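Structure file run26.cif (mmCIF, C-alpha atoms and all ligand atoms) is printed below.
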```cif
data_query
#
loop_
_atom_site.label_atom_id
_atom_site.label_comp_id
_atom_site.auth_asym_id
_atom_site.auth_seq_id
_atom_site.Cartn_x
_atom_site.Cartn_y
_atom_site.Cartn_z
CA MET S 53 -11.56 -31.81 -6.18
CA LYS S 54 -12.82 -30.28 -2.92
CA ILE S 55 -15.03 -27.20 -3.22
CA SER S 56 -12.47 -25.10 -1.28
CA LYS S 57 -9.72 -26.08 -3.74
CA ILE S 58 -11.93 -25.18 -6.69
CA ILE S 59 -12.70 -21.78 -5.16
CA ALA S 60 -8.97 -21.23 -4.46
CA ALA S 61 -8.10 -22.15 -8.05
CA MET S 62 -10.82 -19.82 -9.31
CA SER S 63 -9.54 -16.91 -7.28
CA VAL S 64 -6.00 -17.49 -8.59
CA SER S 65 -7.31 -17.27 -12.12
CA ILE S 66 -9.33 -14.14 -11.33
CA ILE S 67 -6.19 -12.48 -9.97
CA LEU S 68 -4.28 -13.56 -13.04
CA THR S 69 -6.92 -12.12 -15.35
CA ALA S 70 -6.95 -8.83 -13.46
CA THR S 71 -3.17 -8.75 -13.64
CA MET S 72 -3.25 -9.26 -17.38
CA ILE S 73 -5.82 -6.48 -17.92
CA CYS S 74 -3.73 -4.10 -15.91
CA ALA S 75 -0.43 -5.12 -17.48
CA GLN S 76 -1.79 -4.42 -20.95
CA GLY S 77 -2.95 -0.95 -19.98
CA GLY S 78 -5.56 1.08 -21.87
CA ASN S 79 -5.78 4.84 -21.61
CA GLY S 80 -3.77 4.78 -18.41
CA TRP S 81 -0.08 5.47 -17.91
CA LYS S 82 2.45 3.58 -19.99
CA ALA S 83 6.21 3.72 -19.73
CA SER S 84 7.83 5.88 -22.39
CA PRO S 85 9.35 3.57 -25.05
CA GLU S 86 12.34 5.92 -25.39
CA LEU S 87 13.03 5.72 -21.68
CA VAL S 88 12.69 1.93 -21.74
CA GLU S 89 15.24 1.77 -24.59
CA LYS S 90 17.63 4.11 -22.83
CA LEU S 91 17.49 2.36 -19.47
CA SER S 92 17.80 -1.08 -21.05
CA LYS S 93 20.95 0.00 -22.84
CA SER S 94 22.51 1.33 -19.67
CA ARG S 95 21.61 -1.81 -17.65
CA PRO S 96 21.23 -4.79 -20.00
CA ASP S 97 20.97 -7.08 -16.97
CA ILE S 98 17.71 -5.38 -15.88
CA ASN S 99 14.35 -5.90 -17.58
CA TYR S 100 12.42 -2.76 -18.50
CA PHE S 101 10.23 -4.27 -21.21
CA GLU S 102 6.63 -5.04 -20.29
CA GLU S 103 6.59 -7.84 -22.89
CA LYS S 104 9.44 -9.58 -21.09
CA VAL S 105 7.73 -9.74 -17.72
CA PRO S 106 7.46 -13.47 -16.96
CA GLN S 107 4.08 -15.18 -16.62
CA TYR S 108 3.34 -15.48 -12.95
CA ILE S 109 0.69 -16.47 -10.47
CA LEU S 110 0.36 -14.46 -7.32
CA PRO S 111 -0.07 -16.35 -4.05
CA ASP S 112 -3.68 -16.03 -2.96
CA VAL S 113 -3.82 -13.70 0.02
CA LEU S 114 -7.24 -15.11 0.94
CA THR S 115 -6.27 -18.77 1.03
CA GLY S 116 -4.79 -19.92 4.34
CA SER S 117 -1.85 -22.31 4.63
CA SER S 118 -4.32 -25.13 5.24
CA GLY S 119 -5.75 -24.49 1.76
CA LYS S 120 -9.00 -23.12 3.14
CA PRO S 121 -10.39 -19.93 1.62
CA VAL S 122 -10.76 -17.02 4.02
CA THR S 123 -14.26 -15.69 3.44
CA SER S 124 -15.02 -13.57 6.49
CA ALA S 125 -13.54 -10.51 8.15
CA THR S 126 -13.34 -12.48 11.39
CA ARG S 127 -11.25 -15.25 9.79
CA TRP S 128 -8.93 -12.65 8.31
CA LYS S 129 -8.47 -10.79 11.59
CA LYS S 130 -8.23 -13.84 13.82
CA TYR S 131 -6.06 -16.04 11.71
CA ARG S 132 -4.99 -15.17 8.17
CA ARG S 133 -3.63 -11.70 8.91
CA GLN S 134 -1.24 -13.11 11.50
CA GLU S 135 -0.22 -15.89 9.16
CA VAL S 136 0.66 -13.42 6.37
CA LEU S 137 2.50 -11.16 8.82
CA GLU S 138 4.57 -14.13 10.01
CA LEU S 139 5.40 -15.05 6.41
CA PHE S 140 6.81 -11.56 5.85
CA ARG S 141 8.78 -11.71 9.10
CA GLU S 142 10.18 -15.11 8.24
CA ASN S 143 10.98 -14.54 4.58
CA VAL S 144 11.45 -10.83 3.94
CA TYR S 145 12.08 -8.31 6.73
CA GLY S 146 12.98 -10.51 9.70
CA ARG S 147 11.82 -10.68 13.29
CA VAL S 148 12.38 -8.14 16.05
CA PRO S 149 14.25 -9.80 18.96
CA SER S 150 12.49 -10.13 22.28
CA THR S 151 15.33 -8.45 24.23
CA GLN S 152 14.08 -6.20 27.03
CA TYR S 153 14.67 -2.47 26.72
CA SER S 154 13.46 0.72 28.33
CA LYS S 155 12.51 3.96 26.63
CA GLU S 156 12.46 7.55 27.78
CA PHE S 157 11.05 10.66 26.11
CA LYS S 158 12.60 14.05 26.73
CA VAL S 159 11.45 17.24 25.05
CA ILE S 160 14.81 18.98 24.66
CA ASN S 161 13.52 22.02 22.81
CA GLU S 162 10.11 23.62 22.48
CA ASP S 163 9.49 26.85 20.56
CA GLU S 164 5.92 28.09 20.44
CA ASN S 165 6.90 30.82 18.04
CA ALA S 166 8.26 28.74 15.21
CA MET S 167 7.32 29.54 11.60
CA ASN S 168 6.48 33.13 12.56
CA GLY S 169 4.10 31.96 15.23
CA ASN S 170 2.27 29.52 12.99
CA ALA S 171 3.64 26.42 14.64
CA THR S 172 5.22 24.99 17.76
CA LEU S 173 8.53 23.23 17.22
CA LYS S 174 9.22 20.28 19.47
CA GLN S 175 12.44 18.31 19.50
CA VAL S 176 12.20 15.09 21.42
CA ASP S 177 14.97 12.69 22.36
CA ILE S 178 13.73 9.11 22.47
CA THR S 179 16.33 7.17 24.42
CA ILE S 180 16.39 3.39 24.22
CA ARG S 181 18.39 1.53 26.88
CA SER S 182 19.34 -2.10 27.23
CA GLU S 183 21.92 -3.68 29.50
CA GLY S 184 23.89 -0.51 30.10
CA ARG S 185 23.96 0.64 26.48
CA SER S 186 21.79 3.28 24.86
CA LEU S 187 20.74 4.88 21.61
CA VAL S 188 18.87 8.14 20.90
CA ILE S 189 16.26 8.70 18.19
CA HIS S 190 15.92 12.44 17.52
CA LEU S 191 12.32 13.27 16.70
CA THR S 192 11.58 16.71 15.25
CA MET S 193 8.05 18.01 14.84
CA PHE S 194 6.01 21.10 14.08
CA VAL S 195 2.47 21.35 15.43
CA PRO S 196 0.16 23.99 13.92
CA ASN S 197 -0.78 26.68 16.47
CA LYS S 198 -3.98 28.10 15.11
CA VAL S 199 -6.10 24.99 15.02
CA GLN S 200 -7.99 22.90 17.54
CA LYS S 201 -5.97 20.16 19.20
CA PRO S 202 -5.31 17.32 18.96
CA VAL S 203 -4.27 17.32 15.29
CA PRO S 204 -3.60 14.52 12.80
CA ALA S 205 0.09 14.06 11.97
CA PHE S 206 2.48 12.90 9.26
CA LEU S 207 5.61 11.03 10.36
CA LEU S 208 8.36 10.88 7.75
CA ILE S 209 10.96 8.14 7.92
CA ASP S 210 13.87 10.22 6.62
CA ASN S 211 16.41 8.33 4.58
CA ARG S 212 18.20 11.38 3.21
CA GLY S 213 19.77 12.98 6.24
CA PRO S 214 18.81 15.90 8.47
CA ALA S 215 19.70 18.52 5.80
CA ASN S 216 16.20 18.05 4.34
CA THR S 217 14.45 18.43 7.66
CA ASP S 218 16.04 21.52 9.17
CA PRO S 219 14.27 22.49 12.44
CA THR S 220 15.44 26.11 12.06
CA ARG S 221 13.79 26.29 8.58
CA LYS S 222 16.79 28.14 7.17
CA VAL S 223 17.03 25.27 4.71
CA ARG S 224 13.70 24.21 3.24
CA SER S 225 13.19 21.13 1.18
CA GLU S 226 10.21 19.77 -0.72
CA PHE S 227 11.13 16.40 0.74
CA TRP S 228 9.72 17.57 4.09
CA PRO S 229 7.58 20.62 3.29
CA ALA S 230 6.84 21.55 6.88
CA GLU S 231 5.28 24.99 6.21
CA GLU S 232 2.82 23.61 3.66
CA VAL S 233 1.79 20.68 5.86
CA VAL S 234 1.28 22.92 8.90
CA ALA S 235 -0.79 25.32 6.76
CA ARG S 236 -3.20 22.47 6.05
CA GLY S 237 -3.72 21.76 9.72
CA TYR S 238 -1.45 18.75 10.18
CA ALA S 239 1.50 18.23 12.46
CA ILE S 240 4.61 17.10 10.63
CA ALA S 241 7.26 14.96 12.28
CA VAL S 242 10.45 13.26 11.18
CA PHE S 243 13.22 11.02 12.44
CA TYR S 244 16.44 10.14 10.69
CA ASN S 245 16.63 6.44 9.93
CA ALA S 246 20.36 6.23 10.69
CA ASP S 247 19.64 7.21 14.30
CA VAL S 248 18.03 3.79 14.62
CA ASP S 249 20.39 1.88 12.39
CA PRO S 250 23.14 3.13 10.07
CA ASP S 251 22.43 2.43 6.42
CA ASN S 252 25.45 0.27 5.66
CA PHE S 253 26.44 -3.34 6.06
CA ASP S 254 28.30 -3.46 9.37
CA ASP S 255 27.39 -7.03 10.20
CA PHE S 256 24.65 -5.68 12.48
CA LYS S 257 27.19 -4.44 15.02
CA ASN S 258 25.87 -0.87 15.22
CA GLY S 259 22.58 0.88 15.82
CA ILE S 260 19.64 -0.88 17.39
CA HIS S 261 20.96 -4.26 16.23
CA GLY S 262 24.10 -3.69 18.32
CA LEU S 263 21.86 -2.85 21.25
CA LEU S 264 19.20 -5.57 21.07
CA ASP S 265 20.54 -8.51 19.04
CA ARG S 266 21.59 -11.59 20.99
CA GLY S 267 22.94 -13.74 18.17
CA ARG S 268 21.52 -13.76 14.67
CA GLN S 269 19.45 -16.25 12.67
CA ALA S 270 18.22 -16.44 9.09
CA ASP S 271 15.01 -14.71 10.18
CA SER S 272 16.60 -11.99 12.34
CA TRP S 273 15.51 -8.44 11.53
CA GLY S 274 17.34 -6.47 8.90
CA THR S 275 17.82 -2.74 8.72
CA ILE S 276 14.42 -1.96 7.16
CA ALA S 277 12.69 -3.75 10.05
CA ALA S 278 14.89 -1.75 12.44
CA TRP S 279 13.81 1.55 10.88
CA ALA S 280 10.17 0.46 11.01
CA TRP S 281 10.67 -0.32 14.69
CA GLY S 282 12.01 3.23 15.10
CA ALA S 283 8.80 4.61 13.57
CA SER S 284 6.85 2.70 16.23
CA ARG S 285 8.92 4.28 19.00
CA CYS S 286 7.95 7.70 17.59
CA MET S 287 4.34 6.52 17.70
CA ASP S 288 4.91 5.61 21.38
CA TYR S 289 5.88 9.22 21.94
CA PHE S 290 2.84 10.59 20.04
CA GLU S 291 0.64 8.61 22.39
CA THR S 292 1.98 10.76 25.22
CA ASP S 293 1.62 14.11 23.41
CA LYS S 294 -1.79 15.78 23.88
CA ASP S 295 -1.34 17.86 20.72
CA ILE S 296 -1.32 14.78 18.49
CA ASP S 297 -4.38 12.76 17.59
CA ARG S 298 -2.95 9.28 18.09
CA LYS S 299 -5.75 7.75 16.01
CA LYS S 300 -4.78 9.88 13.01
CA VAL S 301 -1.08 9.36 12.45
CA ALA S 302 0.20 8.75 8.92
CA VAL S 303 3.59 7.10 8.42
CA LEU S 304 5.33 7.75 5.14
CA GLY S 305 8.61 7.34 3.39
CA HIS S 306 10.34 7.57 0.06
CA SER S 307 12.15 4.73 -1.65
CA ARG S 308 13.92 2.70 1.06
CA GLY S 309 11.88 4.84 3.46
CA GLY S 310 8.75 3.81 1.52
CA LYS S 311 9.57 0.12 1.95
CA THR S 312 9.98 0.89 5.64
CA ALA S 313 6.66 2.74 5.87
CA LEU S 314 4.82 -0.29 4.49
CA TRP S 315 6.49 -2.62 6.94
CA ALA S 316 5.93 -0.20 9.83
CA GLY S 317 2.22 -0.10 8.96
CA ALA S 318 2.07 -3.89 8.73
CA GLU S 319 3.79 -4.44 12.09
CA ASP S 320 2.12 -1.59 13.95
CA GLN S 321 -1.62 -1.17 13.53
CA ARG S 322 -1.62 2.12 15.39
CA PHE S 323 -0.70 3.88 12.12
CA ALA S 324 -3.98 5.01 10.54
CA LEU S 325 -2.52 5.78 7.13
CA VAL S 326 0.51 4.39 5.29
CA ILE S 327 2.04 6.21 2.34
CA SER S 328 4.67 4.52 0.23
CA ASN S 329 6.45 6.74 -2.28
CA GLU S 330 8.41 5.06 -5.08
CA SER S 331 9.38 2.17 -2.82
CA GLY S 332 9.97 -0.41 -5.58
CA CYS S 333 11.59 -3.78 -4.92
CA GLY S 334 11.06 -5.03 -1.38
CA GLY S 335 8.33 -2.38 -1.05
CA ALA S 336 5.32 -1.79 -3.25
CA ALA S 337 6.43 -3.56 -6.45
CA LEU S 338 5.42 -7.15 -7.17
CA ALA S 339 8.57 -9.26 -7.00
CA ARG S 340 7.31 -11.86 -9.48
CA ARG S 341 7.31 -9.32 -12.30
CA LYS S 342 11.11 -9.02 -12.17
CA TYR S 343 10.79 -5.56 -13.71
CA GLY S 344 13.47 -3.01 -12.76
CA GLU S 345 15.26 -3.84 -9.52
CA THR S 346 14.94 -7.51 -8.49
CA ILE S 347 15.43 -9.45 -5.27
CA SER S 348 18.87 -10.72 -6.30
CA VAL S 349 20.00 -7.21 -7.28
CA ILE S 350 18.77 -5.60 -4.07
CA ASN S 351 20.23 -8.32 -1.83
CA LYS S 352 23.60 -7.82 -3.49
CA SER S 353 23.59 -4.02 -3.23
CA PHE S 354 22.04 -3.83 0.24
CA PRO S 355 22.83 -7.05 2.10
CA HIS S 356 21.71 -5.49 5.39
CA TRP S 357 18.18 -4.40 4.48
CA PHE S 358 16.34 -7.74 4.69
CA CYS S 359 16.64 -10.97 6.65
CA THR S 360 18.98 -13.64 5.33
CA ASN S 361 16.05 -15.88 4.31
CA TYR S 362 15.10 -13.33 1.65
CA ARG S 363 18.17 -14.42 -0.33
CA LYS S 364 16.47 -17.77 -0.95
CA TYR S 365 14.34 -15.94 -3.48
CA ASN S 366 17.18 -14.47 -5.53
CA ASN S 367 16.13 -15.42 -9.09
CA ASN S 368 13.63 -17.71 -7.44
CA GLU S 369 10.59 -15.46 -6.97
CA PRO S 370 7.90 -18.09 -7.69
CA GLU S 371 9.00 -19.97 -4.56
CA MET S 372 8.38 -17.03 -2.27
CA PRO S 373 5.23 -17.70 -0.22
CA VAL S 374 4.24 -14.02 -0.41
CA ASP S 375 4.25 -11.15 -2.86
CA MET S 376 3.85 -7.49 -2.10
CA HIS S 377 0.06 -7.29 -2.59
CA MET S 378 -0.05 -9.34 0.63
CA LEU S 379 2.04 -6.72 2.44
CA MET S 380 -0.49 -4.08 1.35
CA ALA S 381 -3.34 -6.29 2.53
CA LEU S 382 -1.81 -6.10 6.02
CA ILE S 383 -2.58 -2.38 6.06
CA ALA S 384 -6.33 -3.00 5.62
CA PRO S 385 -8.76 -1.81 6.91
CA ARG S 386 -6.66 1.29 7.52
CA ALA S 387 -5.80 3.77 4.75
CA LEU S 388 -3.13 3.10 2.14
CA TYR S 389 -1.66 5.37 -0.54
CA VAL S 390 0.96 4.35 -3.06
CA ALA S 391 2.84 6.70 -5.37
CA SER S 392 5.21 6.29 -8.30
CA ALA S 393 7.16 8.52 -10.69
CA ALA S 394 7.07 8.05 -14.45
CA ASP S 395 10.84 8.12 -14.98
CA ASP S 396 11.47 5.81 -12.05
CA LEU S 397 11.13 2.50 -13.87
CA TRP S 398 13.72 1.00 -11.51
CA ALA S 399 10.91 0.98 -8.91
CA ASP S 400 8.35 -0.56 -11.32
CA PRO S 401 5.32 1.77 -11.23
CA ARG S 402 3.02 -0.78 -12.89
CA GLY S 403 4.10 -3.52 -10.48
CA SER S 404 3.35 -1.15 -7.60
CA TYR S 405 -0.14 -0.38 -8.85
CA LEU S 406 -0.79 -4.07 -9.45
CA SER S 407 0.22 -4.82 -5.90
CA LEU S 408 -2.28 -2.29 -4.61
CA TYR S 409 -4.96 -3.51 -6.97
CA ASN S 410 -4.51 -7.13 -5.93
CA SER S 411 -4.67 -6.21 -2.23
CA LEU S 412 -8.13 -4.64 -2.57
CA GLN S 413 -9.95 -7.92 -2.06
CA VAL S 414 -8.86 -7.80 1.59
CA PHE S 415 -10.04 -4.21 2.03
CA ARG S 416 -13.38 -5.28 0.59
CA LEU S 417 -13.58 -8.32 2.85
CA LEU S 418 -13.15 -5.87 5.74
CA LYS S 419 -16.05 -3.80 4.37
CA ILE S 420 -13.89 -0.97 3.10
CA LYS S 421 -15.06 0.33 -0.23
CA SER S 422 -12.13 -0.08 -2.64
CA SER S 423 -12.99 -0.03 -6.28
CA LEU S 424 -9.81 1.27 -7.87
CA PRO S 425 -9.86 0.37 -11.57
CA PRO S 426 -7.68 -2.45 -12.90
CA GLU S 427 -6.06 0.02 -15.24
CA MET S 428 -3.43 2.50 -14.05
CA PRO S 429 -4.48 6.16 -13.93
CA PRO S 430 -2.95 8.66 -16.35
CA LEU S 431 0.06 10.74 -15.35
CA ASN S 432 -0.54 13.31 -12.58
CA LYS S 433 -4.13 12.18 -12.02
CA PRO S 434 -4.47 10.63 -8.57
CA VAL S 435 -7.07 7.92 -8.26
CA THR S 436 -8.71 7.15 -4.92
CA SER S 437 -11.43 4.88 -3.68
CA GLY S 438 -12.47 4.64 -0.07
CA LYS S 439 -9.30 4.23 1.94
CA THR S 440 -6.98 3.44 -0.97
CA GLY S 441 -5.27 5.71 -3.46
CA TYR S 442 -2.48 6.01 -5.99
CA HIS S 443 -0.76 8.50 -8.25
CA ILE S 444 1.99 8.47 -10.78
CA ARG S 445 3.78 11.80 -11.06
CA ASP S 446 5.80 13.00 -14.02
CA GLY S 447 9.55 13.16 -13.51
CA VAL S 448 12.28 11.38 -11.64
CA HIS S 449 12.74 9.39 -8.45
CA ASN S 450 12.09 11.85 -5.64
CA MET S 451 9.44 13.04 -3.21
CA LEU S 452 8.24 16.55 -4.04
CA LEU S 453 5.65 19.04 -2.84
CA LYS S 454 3.45 17.88 -5.69
CA ASP S 455 3.44 14.38 -4.16
CA TRP S 456 2.82 15.76 -0.67
CA ASN S 457 -0.14 17.83 -1.87
CA TRP S 458 -1.78 14.68 -3.19
CA PHE S 459 -0.93 12.84 0.03
CA MET S 460 -2.63 15.62 1.98
CA ASP S 461 -5.70 15.62 -0.31
CA PHE S 462 -6.02 11.92 0.44
CA ALA S 463 -5.42 12.43 4.17
CA ASP S 464 -8.16 15.09 4.17
CA MET S 465 -10.54 12.36 3.02
CA VAL S 466 -9.44 9.53 5.28
CA LEU S 467 -8.12 11.25 8.43
CA LYS S 468 -10.18 14.39 8.90
C1 LIG S 501 18.31 2.41 -4.68
C2 LIG S 501 17.72 1.05 -4.38
C3 LIG S 501 16.25 1.17 -4.31
C4 LIG S 501 15.77 2.36 -3.51
C5 LIG S 501 16.69 3.56 -3.60
C6 LIG S 501 16.52 4.64 -2.54
O1 LIG S 501 19.66 2.39 -4.86
O2 LIG S 501 18.11 0.19 -5.39
O3 LIG S 501 15.70 -0.05 -3.82
O4 LIG S 501 15.47 2.05 -2.23
O5 LIG S 501 18.00 3.23 -3.58
O6 LIG S 501 16.29 4.36 -1.37
O7 LIG S 501 16.64 5.81 -2.91
#
```

Render the structure in this file as structure tokens.
Amino acid sequence: MKISKIIAAMSVSIILTATMICAQGGNGWKASPELVEKLSKSRPDINYFEEKVPQYILPDVLTGSSGKPVTSATRWKKYRRQEVLELFRENVYGRVPSTQYSKEFKVINEDENAMNGNATLKQVDITIRSEGRSLVIHLTMFVPNKVQKPVPAFLLIDNRGPANTDPTRKVRSEFWPAEEVVARGYAIAVFYNADVDPDNFDDFKNGIHGLLDRGRQADSWGTIAAWAWGASRCMDYFETDKDIDRKKVAVLGHSRGGKTALWAGAEDQRFALVISNESGCGGAALARRKYGETISVINKSFPHWFCTNYRKYNNNEPEMPVDMHMLMALIAPRALYVASAADDLWADPRGSYLSLYNSLQVFRLLKIKSSLPPEMPPLNKPVTSGKTGYHIRDGVHNMLLKDWNWFMDFADMVLK
């Protein structure tokens, strides 16, 4: 056996061992047995038992397709990173078409006296045009007034509709806690994902697909990739706004928005921090665990989210050339924060932590200190190391002020 093969085999077994340690848990969080029972009864087709997670081997993020181990930051940056990115384009989210388009930014409303003078509200229309057709992404943002500019910013990919992100602040929601974020010296921005692509299966006739697609293939972009693309167009705008520190922009999202945030951060290295909240299957959670929502279940419920190739892995996870720890590795050496909720077993909290844990080897290769423990932290006790962090909150599937406060604590460490 060649030395490189032996090293590759060794690293597979190290990953496996780490996975086992983490899966067994210690003093860290464990799913409530009552909840597991209850959920299993309501969905007997879904696995919620840790003991029933199949044995699996994760693909080695640091072994290239040629079988050679990647042992230097230069090799990762020059070759392996691109290879992993292409694997995700090809097999999971799909590729953005190369159709030409133009973009225009127009500040349609600016109020320097928003939030009782604490912030400036800006509403920006981002218009995308191609061959006589157009689409508008409505970006809303508050920039704190009483701090030195430029400021770091949070961009939320909103999957819940504009009711949660009211620019007038008559309606306030913990999902986008603008006052609290501004008070901590950050700008907060949001766009509604459906502006870029409606969240239903319309055979890719509407939204940005309708504008830019010229025929479709098995690796054509799905709706998540379209939303991620939308986040990048907001980043294009930030680069023109003197109030925003373009080197300190965090992209975040919840659930389907959290899947999107990870992919946006993978595709667009201008995002300095990626936060994925309860993103589950097709996001943070390891697919090979088949715990909670699985690839076959998600492809059936949401046939528009991923590229068609992703269906090849319905009940066939071991054949997939990637798993989600490799998606997280694409964020390195930038900052990455993953969050779960204890009652949200559908999104597999343990599988999400394991993904993060197994991506750390790439952060370390890139000289980023990342020594998160193999064991999950206890409930409501965020754990951070260098540019990586994680928490599991008590309660149900949602994104709350409690989550945001921990996101901001982390951002204070990595962005300020
Ligand atoms: C669920 C879906 C999840 C998650 C969630 C959400 O129905 O199964 O993958 O994305 O929706 O976005 O709230």

- Query: Neighbours of region 358-370 of chain S within 12 Å (all atoms listed in the file; same-chain residues fewer than 4 positions away dropped), as a ChimeraX atom specification?
  - Reply: /S:106-111,139-148,251,253,255-256,268-279,308,311-312,315,333-335,338-343,345-354,374-376

Nearest to Trp81 (chain S) by atom-to-atom distance, counting all atoms listed in the file, from S:Ile444, S:Met451, S:Leu467, S:Ala125:
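Answer, going by the shortest atom-to-atom distance: S:Ile444.
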
- Query: From the list S:Pro429, S:Gly447, S:Gly332, S:Pro385, which residue is nearest ligand LIG 501 (chain S) when using all atoms listed in the file?
  - Reply: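 Among S:Pro429, S:Gly447, S:Gly332, S:Pro385, it is S:Gly332 that comes nearest to ligand LIG 501 (chain S).
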
Please, what distance in Å, to one decimal, runs between CA of Asp97 (chain S) and CA of His356 (chain S)?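 Atom-to-atom, CA of Asp97 (chain S) to CA of His356 (chain S), that is 22.4 Å.
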
As an exercise, work out the distance from CA of Val88 (chain S) to CA of Lys433 (chain S) in Å and give it to one decimal place.
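Atom-to-atom, CA of Val88 (chain S) to CA of Lys433 (chain S), that is 22.0 Å.
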
Closest to Ala230 (chain S) among S:Ala166, S:Asp464, S:Cys286, S:Asn258, using all atoms listed in the file?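 That would be S:Ala166, the residue with the smallest distance to Ala230 (chain S).
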
>> Using all atoms listed in the file, which protein or nucleic acid residues come within 12 Å of Gly310 (chain S)? Drop anything in the same chain fewer than 4 positions from it, and give the result as a PyMOL selection string.
In response: chain S and resi 207-211+245+276+279-280+303-306+314-317+326-337+388-392+399+404+450-451

*Which residues, written as a ChimeraX atom specification, have at least one atom at most 12 Å from Lys158 (chain S), with all atoms listed in the file counted and residues fewer than 4 positions away on the same chain left out?*
/S:162,174-180,188-192,289,292-293
